[in-house]
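Student: Please see the structure below; I have some questions.
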Amino acid sequence: MPNHTLTTNPAFNHQHLPLFSRLGTFLLTVGMLIAFFVSQLLGIYIAGKLLLPATKNSDVGDIFFFGSSNGTIVSISIIISCLLLMTLSYLILRLRSADVRQYLALKPFSLAVGMGMLGILLIFMIGSQALTYFLDKSPLVFVDPLYQSVSSLWLLVFAIVIVAPIYEELVFRGILWSAIAEQFAASPVSMQRGAVVASIVTSFIFAAIHLQYGMYEISTLVVLALIFCYARLKSGSLILPMLLHMINNGAAMWQYLTQVG
């Protein structure tokens with residue numbers, strides 16, 4: 001039986017040429033990764049200039065040094081990064097004359113699929129928590145200085161739980177996943193291969209960019225990212241992995257707050 005999700009996904013529509021060539025996809029991937037980091041640095045710089053004391057006498061290095069460990073600065077920088085990356089993604093797709101909503105799969109999803117994926121996520125979270133406890137790991141230790149310095153806890157929660165999943169999913173399970181997957185849209189068999197390749201590539205990149213984590217946490221992130229990719233493929237919608245990402249971050253933040261509170 002053919003996979004309806006694959007055949008109706010714009011990234012797998014073999015009746016049309018891919019939006020990006022293979023070289024274009026490579027350049028897009030590199031460019032979006034650069035933009036990802038630049039947007040974060042720019043966000044910290046802008047927020048730091050506005051909020052850090054005595055910034056007139058501080059150089060760029062000082063702003064990044066003090067701003068990157070300040071919860072308020074980092075929270076605002078996440079919001080700025082989200083706005084910049086959303087705008088960049090929109091402009092890139094519009095310049096290619098693409099239907100942005102369709103290409104990014106910004107559409108409703110089946111409740112049954114959503115509940116099924118939520119169940120898979122919960123199983124992963126329970127297993128991950130058990131393994132983390134067994135190995136005596138503290139994956140959220142990087143949050144300590146942010147929590148201690150943020151002006152409003154709700155600002156930090158909003159940035160990490162709501163905003164970060166939006167632009168991370170937009171980049172990795174959105175524009176990059178579609179661009180890579182559509183390179184294999186010549187036949188139904190290669191369509192499925194494209195989904196696998198896109199999921200593996202974007203998942204490893206997604207995990208690798210989280211420089212604040214160690215190897216154990218990065219390995220866990222690869223599995224988590226693959227779950228998000230499966231949700232993207234199974235539902236045909238980017239909204240579901242966004243919501244799952246928010247639930248995961250929310251659960252992790254709630255656990256952290258109960259420990260420090």
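Convention: chains lettered A, B, ... in structure tokens order; per-chain residue numbering from 1; ligands numbered from 1 as shown.
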For A:Ile73, work out the shell of residues within 7 Å, counting only C-alpha atoms and skipping chain neighbours fewer than 6 positions away, then give it as number ranges by chain.
Tutor: A: 44, 47-48, 67
Student: Would you export the selected residues with C-alpha atoms as a CSV table (one decimal), in the first residue's frame, please?
Tutor:
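This went into again30.csv:
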chain,number,residue,atom,x,y,z
A,44,ILE,CA,23.2,38.2,22.4
A,47,ALA,CA,20.3,42.3,23.9
A,48,GLY,CA,23.6,42.9,25.6
A,67,GLY,CA,25.7,38.1,27.9
Student: List as a ChimeraX atom specification the protein and nucleic acid residues near A:Phe37, meaning an atom at most 12 Å away when only C-alpha atoms are counted, but skip any in the same chain fewer than 6 places from it.
Tutor: /A:30-31,43-44,77-78,81-82,84-85,168,209-211
Student: Residues of the last selection are to be written out with N, CA, C and O atoms, as a PDB file, in the first residue's frame.
Tutor:
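Listed below is the output, result29.pdb:
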ATOM      1  N   VAL A  30      24.580  24.590   4.631  1.00  0.00           N
ATOM      2  CA  VAL A  30      25.703  25.330   5.221  1.00  0.00           C
ATOM      3  C   VAL A  30      25.264  26.746   5.605  1.00  0.00           C
ATOM      4  O   VAL A  30      25.575  27.228   6.702  1.00  0.00           O
ATOM      5  N   GLY A  31      24.529  27.391   4.700  1.00  0.00           N
ATOM      6  CA  GLY A  31      24.090  28.752   4.949  1.00  0.00           C
ATOM      7  C   GLY A  31      23.161  28.867   6.141  1.00  0.00           C
ATOM      8  O   GLY A  31      23.276  29.800   6.955  1.00  0.00           O
ATOM      9  N   GLY A  43      21.772  38.116  18.381  1.00  0.00           N
ATOM     10  CA  GLY A  43      20.773  38.295  19.427  1.00  0.00           C
ATOM     11  C   GLY A  43      21.401  38.652  20.758  1.00  0.00           C
ATOM     12  O   GLY A  43      20.932  39.542  21.478  1.00  0.00           O
ATOM     13  N   ILE A  44      22.479  37.947  21.112  1.00  0.00           N
ATOM     14  CA  ILE A  44      23.181  38.241  22.364  1.00  0.00           C
ATOM     15  C   ILE A  44      23.780  39.642  22.321  1.00  0.00           C
ATOM     16  O   ILE A  44      23.728  40.398  23.308  1.00  0.00           O
ATOM     17  N   SER A  77      17.814  36.872  23.295  1.00  0.00           N
ATOM     18  CA  SER A  77      18.547  36.494  22.079  1.00  0.00           C
ATOM     19  C   SER A  77      17.861  35.339  21.358  1.00  0.00           C
ATOM     20  O   SER A  77      17.881  35.263  20.125  1.00  0.00           O
ATOM     21  N   ILE A  78      17.251  34.422  22.116  1.00  0.00           N
ATOM     22  CA  ILE A  78      16.507  33.313  21.509  1.00  0.00           C
ATOM     23  C   ILE A  78      15.311  33.849  20.721  1.00  0.00           C
ATOM     24  O   ILE A  78      15.028  33.392  19.606  1.00  0.00           O
ATOM     25  N   SER A  81      16.681  35.484  17.594  1.00  0.00           N
ATOM     26  CA  SER A  81      17.091  34.442  16.648  1.00  0.00           C
ATOM     27  C   SER A  81      15.893  33.855  15.921  1.00  0.00           C
ATOM     28  O   SER A  81      15.941  33.617  14.708  1.00  0.00           O
ATOM     29  N   CYS A  82      14.822  33.619  16.659  1.00  0.00           N
ATOM     30  CA  CYS A  82      13.609  33.064  16.065  1.00  0.00           C
ATOM     31  C   CYS A  82      13.066  33.986  14.978  1.00  0.00           C
ATOM     32  O   CYS A  82      12.750  33.545  13.871  1.00  0.00           O
ATOM     33  N   LEU A  84      14.674  36.306  13.279  1.00  0.00           N
ATOM     34  CA  LEU A  84      15.607  36.403  12.157  1.00  0.00           C
ATOM     35  C   LEU A  84      15.544  35.164  11.270  1.00  0.00           C
ATOM     36  O   LEU A  84      15.510  35.272  10.036  1.00  0.00           O
ATOM     37  N   LEU A  85      15.505  33.981  11.875  1.00  0.00           N
ATOM     38  CA  LEU A  85      15.500  32.739  11.096  1.00  0.00           C
ATOM     39  C   LEU A  85      14.162  32.510  10.399  1.00  0.00           C
ATOM     40  O   LEU A  85      14.115  31.969   9.293  1.00  0.00           O
ATOM     41  N   GLU A 168      13.926  26.020  15.768  1.00  0.00           N
ATOM     42  CA  GLU A 168      14.730  24.819  15.530  1.00  0.00           C
ATOM     43  C   GLU A 168      13.991  23.842  14.610  1.00  0.00           C
ATOM     44  O   GLU A 168      14.598  23.257  13.703  1.00  0.00           O
ATOM     45  N   ILE A 209      24.838  20.715  16.868  1.00  0.00           N
ATOM     46  CA  ILE A 209      24.877  22.157  17.116  1.00  0.00           C
ATOM     47  C   ILE A 209      24.649  22.498  18.583  1.00  0.00           C
ATOM     48  O   ILE A 209      24.887  23.638  18.993  1.00  0.00           O
ATOM     49  N   HIS A 210      24.202  21.543  19.373  1.00  0.00           N
ATOM     50  CA  HIS A 210      23.983  21.800  20.794  1.00  0.00           C
ATOM     51  C   HIS A 210      25.318  21.656  21.535  1.00  0.00           C
ATOM     52  O   HIS A 210      25.593  20.646  22.196  1.00  0.00           O
ATOM     53  N   LEU A 211      26.138  22.687  21.400  1.00  0.00           N
ATOM     54  CA  LEU A 211      27.502  22.652  21.902  1.00  0.00           C
ATOM     55  C   LEU A 211      27.568  22.632  23.419  1.00  0.00           C
ATOM     56  O   LEU A 211      28.617  22.333  23.991  1.00  0.00           O
TER      57      LEU A 211
END
Student: Ranking A:Leu135, A:Ala181, A:Val100, A:Leu244 by minimum distance to A:Met86 and counting only C-alpha atoms, which one comes first?
Tutor: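 Closest residue, counting only C-alpha atoms: A:Val100.
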Student: Using only C-alpha atoms, which protein or nucleic acid residues come within 12 Å of A:Ser110? Drop anything in the same chain fewer than 5 positions from it, and give the result as an MDAnalysis selection string.
Tutor: chainID A and resid 5 115:117 231:232 234:237 239:240
Student: How would the residues just picked look written out with N, CA, C and O atoms as a PDB file, in the first residue's frame?
Tutor:
ATOM      1  N   THR A   5       1.255   9.804   3.071  1.00  0.00           N
ATOM      2  CA  THR A   5       2.001  10.959   3.539  1.00  0.00           C
ATOM      3  C   THR A   5       3.117  11.314   2.587  1.00  0.00           C
ATOM      4  O   THR A   5       3.370  12.474   2.290  1.00  0.00           O
ATOM      5  N   MET A 115      -1.604  11.762  18.846  1.00  0.00           N
ATOM      6  CA  MET A 115      -1.625  11.009  20.102  1.00  0.00           C
ATOM      7  C   MET A 115      -0.628   9.849  20.055  1.00  0.00           C
ATOM      8  O   MET A 115       0.031   9.539  21.053  1.00  0.00           O
ATOM      9  N   GLY A 116      -0.530   9.210  18.896  1.00  0.00           N
ATOM     10  CA  GLY A 116       0.429   8.118  18.751  1.00  0.00           C
ATOM     11  C   GLY A 116       1.866   8.603  18.917  1.00  0.00           C
ATOM     12  O   GLY A 116       2.678   7.964  19.595  1.00  0.00           O
ATOM     13  N   MET A 117       2.180   9.747  18.304  1.00  0.00           N
ATOM     14  CA  MET A 117       3.524  10.295  18.416  1.00  0.00           C
ATOM     15  C   MET A 117       3.802  10.788  19.832  1.00  0.00           C
ATOM     16  O   MET A 117       4.931  10.688  20.322  1.00  0.00           O
ATOM     17  N   ALA A 231       7.649  12.136  13.259  1.00  0.00           N
ATOM     18  CA  ALA A 231       6.390  12.864  13.432  1.00  0.00           C
ATOM     19  C   ALA A 231       6.111  13.752  12.222  1.00  0.00           C
ATOM     20  O   ALA A 231       4.974  13.857  11.758  1.00  0.00           O
ATOM     21  N   ARG A 232       7.152  14.373  11.704  1.00  0.00           N
ATOM     22  CA  ARG A 232       7.024  15.228  10.511  1.00  0.00           C
ATOM     23  C   ARG A 232       6.564  14.401   9.310  1.00  0.00           C
ATOM     24  O   ARG A 232       5.694  14.808   8.542  1.00  0.00           O
ATOM     25  N   LYS A 234       5.172  11.201   9.402  1.00  0.00           N
ATOM     26  CA  LYS A 234       3.928  10.472   9.648  1.00  0.00           C
ATOM     27  C   LYS A 234       2.713  11.382   9.542  1.00  0.00           C
ATOM     28  O   LYS A 234       1.663  10.978   9.024  1.00  0.00           O
ATOM     29  N   SER A 235       2.857  12.607  10.031  1.00  0.00           N
ATOM     30  CA  SER A 235       1.717  13.530  10.045  1.00  0.00           C
ATOM     31  C   SER A 235       1.640  14.387   8.790  1.00  0.00           C
ATOM     32  O   SER A 235       0.584  14.925   8.468  1.00  0.00           O
ATOM     33  N   GLY A 236       2.766  14.523   8.077  1.00  0.00           N
ATOM     34  CA  GLY A 236       2.809  15.430   6.939  1.00  0.00           C
ATOM     35  C   GLY A 236       2.728  16.879   7.370  1.00  0.00           C
ATOM     36  O   GLY A 236       2.407  17.757   6.568  1.00  0.00           O
ATOM     37  N   SER A 237       3.028  17.136   8.633  1.00  0.00           N
ATOM     38  CA  SER A 237       2.903  18.480   9.184  1.00  0.00           C
ATOM     39  C   SER A 237       4.098  18.814  10.057  1.00  0.00           C
ATOM     40  O   SER A 237       4.565  17.969  10.838  1.00  0.00           O
ATOM     41  N   ILE A 239       3.898  21.180  12.268  1.00  0.00           N
ATOM     42  CA  ILE A 239       3.327  21.653  13.528  1.00  0.00           C
ATOM     43  C   ILE A 239       3.429  20.584  14.612  1.00  0.00           C
ATOM     44  O   ILE A 239       3.695  20.893  15.781  1.00  0.00           O
ATOM     45  N   LEU A 240       3.254  19.311  14.254  1.00  0.00           N
ATOM     46  CA  LEU A 240       3.330  18.245  15.251  1.00  0.00           C
ATOM     47  C   LEU A 240       4.715  18.146  15.890  1.00  0.00           C
ATOM     48  O   LEU A 240       4.817  18.133  17.122  1.00  0.00           O
TER      49      LEU A 240
END
Student: Using only C-alpha atoms, which of A:Leu104, A:Leu17, A:Leu118, A:Ile126 sits nearest A:Phe184?
Tutor: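 Going through A:Leu104, A:Leu17, A:Leu118, A:Ile126 one by one, the smallest distance to A:Phe184 is for A:Leu17.
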Student: Excluding A:His245 and residues on its chain fewer than 4 positions from it, collect all residues at most 10 Å away from it, counting only C-alpha atoms, and give them as a list in words.
Tutor: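 Once the adjacent positions are removed, what remains is Leu121, Val161, Ile162, Ala164, Pro165, Ile166, Glu168, Glu169, Leu224, Ala225, Ile227, Phe228, Ile239, Leu240, Pro241, Asn249, Gly250 and Ala251 of chain A.
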Student: Kindly export the residues of the current selection with all heavy atoms, as a tab-separated table (two decimals), in the first residue's frame.
Tutor:
chain	number	residue	atom	x	y	z
A	121	LEU	N	6.89	9.71	22.20
A	121	LEU	CA	7.73	10.69	22.90
A	121	LEU	C	7.78	10.40	24.40
A	121	LEU	O	8.84	10.48	25.02
A	121	LEU	CB	7.21	12.10	22.65
A	121	LEU	CG	7.97	13.23	23.38
A	121	LEU	CD1	9.41	13.30	22.88
A	121	LEU	CD2	7.26	14.56	23.20
A	161	VAL	N	11.07	26.89	26.17
A	161	VAL	CA	9.99	25.91	25.97
A	161	VAL	C	9.16	26.21	24.72
A	161	VAL	O	8.74	25.28	24.02
A	161	VAL	CB	9.07	25.86	27.21
A	161	VAL	CG1	7.89	24.92	26.97
A	161	VAL	CG2	9.87	25.40	28.43
A	162	ILE	N	8.93	27.48	24.42
A	162	ILE	CA	8.06	27.84	23.30
A	162	ILE	C	8.83	28.31	22.07
A	162	ILE	O	8.66	27.79	20.97
A	162	ILE	CB	7.06	28.94	23.73
A	162	ILE	CG1	6.24	28.49	24.94
A	162	ILE	CG2	6.15	29.30	22.55
A	162	ILE	CD1	5.38	27.28	24.70
A	164	ALA	N	12.30	28.51	21.25
A	164	ALA	CA	13.38	27.70	20.67
A	164	ALA	C	12.87	26.53	19.81
A	164	ALA	O	13.39	26.31	18.71
A	164	ALA	CB	14.30	27.18	21.79
A	165	PRO	N	11.86	25.78	20.26
A	165	PRO	CA	11.35	24.69	19.40
A	165	PRO	C	10.80	25.19	18.06
A	165	PRO	O	10.89	24.47	17.06
A	165	PRO	CB	10.25	24.06	20.25
A	165	PRO	CG	10.65	24.32	21.66
A	165	PRO	CD	11.27	25.69	21.61
A	166	ILE	N	10.23	26.40	18.04
A	166	ILE	CA	9.66	26.90	16.80
A	166	ILE	C	10.72	27.07	15.73
A	166	ILE	O	10.61	26.56	14.61
A	166	ILE	CB	8.92	28.23	17.04
A	166	ILE	CG1	7.66	28.00	17.88
A	166	ILE	CG2	8.55	28.90	15.71
A	166	ILE	CD1	6.92	29.27	18.26
A	168	GLU	N	13.93	26.02	15.77
A	168	GLU	CA	14.73	24.82	15.53
A	168	GLU	C	13.99	23.84	14.61
A	168	GLU	O	14.60	23.26	13.70
A	168	GLU	CB	15.08	24.15	16.86
A	168	GLU	CG	16.10	24.94	17.66
A	168	GLU	CD	16.51	24.24	18.95
A	168	GLU	OE1	15.87	23.23	19.32
A	168	GLU	OE2	17.48	24.70	19.59
A	169	GLU	N	12.71	23.68	14.82
A	169	GLU	CA	11.93	22.81	13.94
A	169	GLU	C	11.80	23.42	12.55
A	169	GLU	O	11.85	22.71	11.53
A	169	GLU	CB	10.55	22.55	14.53
A	169	GLU	CG	10.56	21.71	15.79
A	169	GLU	CD	11.28	20.39	15.61
A	169	GLU	OE1	10.98	19.68	14.64
A	169	GLU	OE2	12.16	20.09	16.43
A	224	LEU	N	16.07	11.76	19.82
A	224	LEU	CA	14.93	12.67	19.94
A	224	LEU	C	14.63	13.34	18.60
A	224	LEU	O	13.46	13.45	18.20
A	224	LEU	CB	15.24	13.74	21.00
A	224	LEU	CG	14.15	14.78	21.26
A	224	LEU	CD1	12.88	14.12	21.81
A	224	LEU	CD2	14.65	15.85	22.23
A	225	ALA	N	15.67	13.76	17.90
A	225	ALA	CA	15.48	14.39	16.60
A	225	ALA	C	14.86	13.43	15.59
A	225	ALA	O	14.03	13.82	14.76
A	225	ALA	CB	16.82	14.92	16.08
A	227	ILE	N	12.79	11.08	16.30
A	227	ILE	CA	11.37	11.02	16.66
A	227	ILE	C	10.63	12.20	16.05
A	227	ILE	O	9.53	12.06	15.50
A	227	ILE	CB	11.20	10.99	18.19
A	227	ILE	CG1	11.72	9.67	18.75
A	227	ILE	CG2	9.73	11.18	18.57
A	227	ILE	CD1	11.72	9.61	20.27
A	228	PHE	N	11.22	13.38	16.12
A	228	PHE	CA	10.60	14.57	15.52
A	228	PHE	C	10.48	14.41	14.01
A	228	PHE	O	9.48	14.82	13.40
A	228	PHE	CB	11.42	15.82	15.85
A	228	PHE	CG	11.43	16.19	17.31
A	228	PHE	CD1	12.49	16.90	17.86
A	228	PHE	CD2	10.39	15.83	18.15
A	228	PHE	CE1	12.50	17.26	19.20
A	228	PHE	CE2	10.39	16.16	19.50
A	228	PHE	CZ	11.45	16.88	20.02
A	239	ILE	N	3.90	21.18	12.27
A	239	ILE	CA	3.33	21.65	13.53
A	239	ILE	C	3.43	20.58	14.61
A	239	ILE	O	3.70	20.89	15.78
A	239	ILE	CB	1.86	22.09	13.33
A	239	ILE	CG1	1.82	23.28	12.37
A	239	ILE	CG2	1.22	22.46	14.66
A	239	ILE	CD1	0.41	23.73	12.02
A	240	LEU	N	3.25	19.31	14.25
A	240	LEU	CA	3.33	18.25	15.25
A	240	LEU	C	4.71	18.15	15.89
A	240	LEU	O	4.82	18.13	17.12
A	240	LEU	CB	2.92	16.91	14.64
A	240	LEU	CG	2.98	15.70	15.59
A	240	LEU	CD1	2.15	15.94	16.84
A	240	LEU	CD2	2.52	14.43	14.88
A	241	PRO	N	5.80	18.07	15.11
A	241	PRO	CA	7.11	18.05	15.78
A	241	PRO	C	7.38	19.32	16.59
A	241	PRO	O	8.07	19.26	17.62
A	241	PRO	CB	8.11	17.90	14.63
A	241	PRO	CG	7.36	18.15	13.38
A	241	PRO	CD	5.94	17.83	13.66
A	249	ASN	N	10.77	19.97	25.89
A	249	ASN	CA	11.48	21.04	26.58
A	249	ASN	C	10.75	21.46	27.85
A	249	ASN	O	11.38	21.77	28.88
A	249	ASN	CB	11.65	22.25	25.67
A	249	ASN	CG	12.73	22.04	24.62
A	249	ASN	OD1	13.15	20.91	24.37
A	249	ASN	ND2	13.17	23.11	24.00
A	250	GLY	N	9.41	21.47	27.78
A	250	GLY	CA	8.63	21.84	28.96
A	250	GLY	C	8.80	20.85	30.09
A	250	GLY	O	8.95	21.23	31.26
A	251	ALA	N	8.81	19.56	29.75
A	251	ALA	CA	9.00	18.53	30.78
A	251	ALA	C	10.39	18.63	31.40
A	251	ALA	O	10.56	18.50	32.62
A	251	ALA	CB	8.79	17.14	30.16
Student: Per DSSP on the backbone, filter stretch 57-235 of chain A down to the residues in alpha helix (DSSP H) and report them as an mmCIF file with C-alpha atoms, in the first residue's frame.
Tutor:
data_model
loop_
_atom_site.group_PDB
_atom_site.id
_atom_site.type_symbol
_atom_site.label_atom_id
_atom_site.label_comp_id
_atom_site.auth_asym_id
_atom_site.auth_seq_id
_atom_site.Cartn_x
_atom_site.Cartn_y
_atom_site.Cartn_z
ATOM 1 C CA VAL A 60 32.271 42.899 21.660
ATOM 2 C CA GLY A 61 34.102 40.136 23.516
ATOM 3 C CA ASP A 62 32.912 41.441 26.876
ATOM 4 C CA ILE A 63 29.304 41.579 25.672
ATOM 5 C CA PHE A 64 29.424 37.985 24.446
ATOM 6 C CA PHE A 65 31.253 36.783 27.575
ATOM 7 C CA PHE A 66 28.845 38.307 30.074
ATOM 8 C CA GLY A 67 25.747 38.091 27.893
ATOM 9 C CA GLY A 71 19.463 34.487 31.587
ATOM 10 C CA THR A 72 17.674 37.644 30.468
ATOM 11 C CA ILE A 73 20.139 38.295 27.626
ATOM 12 C CA VAL A 74 20.014 34.687 26.408
ATOM 13 C CA SER A 75 16.212 34.581 26.574
ATOM 14 C CA ILE A 76 15.873 37.734 24.492
ATOM 15 C CA SER A 77 18.547 36.494 22.079
ATOM 16 C CA ILE A 78 16.507 33.313 21.509
ATOM 17 C CA ILE A 79 13.493 35.427 20.591
ATOM 18 C CA ILE A 80 15.607 37.569 18.253
ATOM 19 C CA SER A 81 17.091 34.442 16.648
ATOM 20 C CA CYS A 82 13.609 33.064 16.065
ATOM 21 C CA LEU A 83 12.469 36.230 14.310
ATOM 22 C CA LEU A 84 15.607 36.403 12.157
ATOM 23 C CA LEU A 85 15.500 32.739 11.096
ATOM 24 C CA MET A 86 11.772 32.821 10.384
ATOM 25 C CA THR A 87 12.290 35.892 8.196
ATOM 26 C CA LEU A 88 15.291 34.357 6.429
ATOM 27 C CA SER A 89 13.470 31.084 5.727
ATOM 28 C CA TYR A 90 10.466 32.964 4.365
ATOM 29 C CA LEU A 91 12.608 35.140 2.086
ATOM 30 C CA ILE A 92 14.589 32.175 0.738
ATOM 31 C CA LEU A 93 11.438 30.258 -0.163
ATOM 32 C CA ARG A 94 9.716 33.295 -1.642
ATOM 33 C CA LEU A 95 12.789 34.020 -3.775
ATOM 34 C CA VAL A 100 5.873 28.663 2.026
ATOM 35 C CA ARG A 101 3.073 26.932 3.946
ATOM 36 C CA GLN A 102 3.126 23.917 1.657
ATOM 37 C CA TYR A 103 6.902 23.542 1.481
ATOM 38 C CA LEU A 111 -5.368 13.776 16.156
ATOM 39 C CA ALA A 112 -4.809 10.030 16.076
ATOM 40 C CA VAL A 113 -1.322 10.483 14.629
ATOM 41 C CA GLY A 114 -0.618 13.209 17.176
ATOM 42 C CA MET A 115 -1.625 11.009 20.102
ATOM 43 C CA GLY A 116 0.429 8.118 18.751
ATOM 44 C CA MET A 117 3.524 10.295 18.416
ATOM 45 C CA LEU A 118 2.937 11.707 21.892
ATOM 46 C CA GLY A 119 2.977 8.147 23.197
ATOM 47 C CA ILE A 120 6.297 7.470 21.460
ATOM 48 C CA LEU A 121 7.726 10.687 22.902
ATOM 49 C CA LEU A 122 6.605 9.753 26.415
ATOM 50 C CA ILE A 123 8.242 6.340 26.114
ATOM 51 C CA PHE A 124 11.451 8.048 24.995
ATOM 52 C CA MET A 125 11.301 10.562 27.849
ATOM 53 C CA ILE A 126 10.791 7.863 30.462
ATOM 54 C CA GLY A 127 13.601 5.728 29.061
ATOM 55 C CA SER A 128 15.907 8.728 28.740
ATOM 56 C CA GLN A 129 15.181 9.813 32.300
ATOM 57 C CA ALA A 130 15.861 6.337 33.635
ATOM 58 C CA LEU A 131 19.164 6.138 31.739
ATOM 59 C CA THR A 132 20.145 9.634 32.869
ATOM 60 C CA TYR A 133 19.487 8.675 36.493
ATOM 61 C CA PHE A 134 21.372 5.385 36.133
ATOM 62 C CA VAL A 143 20.714 26.293 32.733
ATOM 63 C CA ASP A 144 22.065 27.081 36.238
ATOM 64 C CA PRO A 145 23.689 30.461 35.428
ATOM 65 C CA LEU A 146 20.714 31.425 33.244
ATOM 66 C CA TYR A 147 18.221 30.564 35.987
ATOM 67 C CA GLN A 148 20.213 32.479 38.603
ATOM 68 C CA SER A 149 20.560 35.641 36.502
ATOM 69 C CA LEU A 153 11.668 33.102 35.212
ATOM 70 C CA TRP A 154 8.702 33.166 32.847
ATOM 71 C CA LEU A 155 10.844 34.869 30.199
ATOM 72 C CA LEU A 156 13.379 32.025 30.361
ATOM 73 C CA VAL A 157 10.620 29.389 30.268
ATOM 74 C CA ALA A 164 13.383 27.697 20.674
ATOM 75 C CA PRO A 165 11.354 24.694 19.402
ATOM 76 C CA ILE A 166 9.656 26.901 16.795
ATOM 77 C CA TYR A 167 12.787 28.040 14.999
ATOM 78 C CA GLU A 168 14.730 24.819 15.530
ATOM 79 C CA GLU A 169 11.927 22.808 13.937
ATOM 80 C CA TRP A 177 14.412 18.345 5.774
ATOM 81 C CA SER A 178 12.293 19.208 2.746
ATOM 82 C CA ALA A 179 15.260 20.359 0.657
ATOM 83 C CA ILE A 180 17.200 17.148 1.319
ATOM 84 C CA ALA A 181 14.215 14.823 0.956
ATOM 85 C CA PRO A 188 8.085 6.031 -4.654
ATOM 86 C CA VAL A 189 11.024 3.863 -3.547
ATOM 87 C CA SER A 190 13.511 6.712 -3.672
ATOM 88 C CA MET A 191 10.973 8.949 -1.912
ATOM 89 C CA GLN A 192 11.186 6.735 1.158
ATOM 90 C CA ARG A 193 14.960 6.735 0.872
ATOM 91 C CA GLY A 194 14.837 10.531 0.768
ATOM 92 C CA ALA A 195 12.846 10.635 4.009
ATOM 93 C CA VAL A 196 15.425 8.396 5.696
ATOM 94 C CA VAL A 197 18.400 10.389 4.406
ATOM 95 C CA ALA A 198 16.811 13.721 5.333
ATOM 96 C CA SER A 199 15.954 12.436 8.806
ATOM 97 C CA ILE A 200 19.437 11.061 9.507
ATOM 98 C CA VAL A 201 21.317 14.087 8.167
ATOM 99 C CA THR A 202 19.179 16.712 9.902
ATOM 100 C CA SER A 203 19.088 14.744 13.160
ATOM 101 C CA PHE A 204 22.858 14.478 13.431
ATOM 102 C CA ILE A 205 23.307 18.136 12.543
ATOM 103 C CA PHE A 206 20.624 19.121 15.041
ATOM 104 C CA ALA A 207 22.360 17.198 17.812
ATOM 105 C CA ALA A 208 25.827 18.477 16.894
ATOM 106 C CA MET A 215 28.502 13.162 24.103
ATOM 107 C CA TYR A 216 25.826 11.338 26.120
ATOM 108 C CA GLU A 217 23.356 14.204 25.752
ATOM 109 C CA ILE A 218 24.171 14.617 22.045
ATOM 110 C CA SER A 219 23.512 10.917 21.454
ATOM 111 C CA THR A 220 20.158 11.289 23.192
ATOM 112 C CA LEU A 221 19.379 14.304 21.033
ATOM 113 C CA VAL A 222 19.959 12.269 17.870
ATOM 114 C CA VAL A 223 17.244 9.827 18.941
ATOM 115 C CA LEU A 224 14.933 12.673 19.944
ATOM 116 C CA ALA A 225 15.480 14.394 16.599
ATOM 117 C CA LEU A 226 14.670 11.169 14.745
ATOM 118 C CA ILE A 227 11.369 11.017 16.656
ATOM 119 C CA PHE A 228 10.601 14.570 15.520
ATOM 120 C CA CYS A 229 11.465 13.599 11.940
ATOM 121 C CA TYR A 230 9.151 10.588 12.144
ATOM 122 C CA ALA A 231 6.390 12.864 13.432
ATOM 123 C CA ARG A 232 7.024 15.228 10.511
ATOM 124 C CA LEU A 233 6.821 12.347 8.037
ATOM 125 C CA LYS A 234 3.928 10.472 9.648
ATOM 126 C CA SER A 235 1.717 13.530 10.045
#
Student: Using only C-alpha atoms, can you tell me which of A:Leu51, A:Leu176, A:Val163, A:Val171 comes closest to A:Phe26?
Tutor: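 Among A:Leu51, A:Leu176, A:Val163, A:Val171, it is A:Leu176 that comes nearest to A:Phe26.
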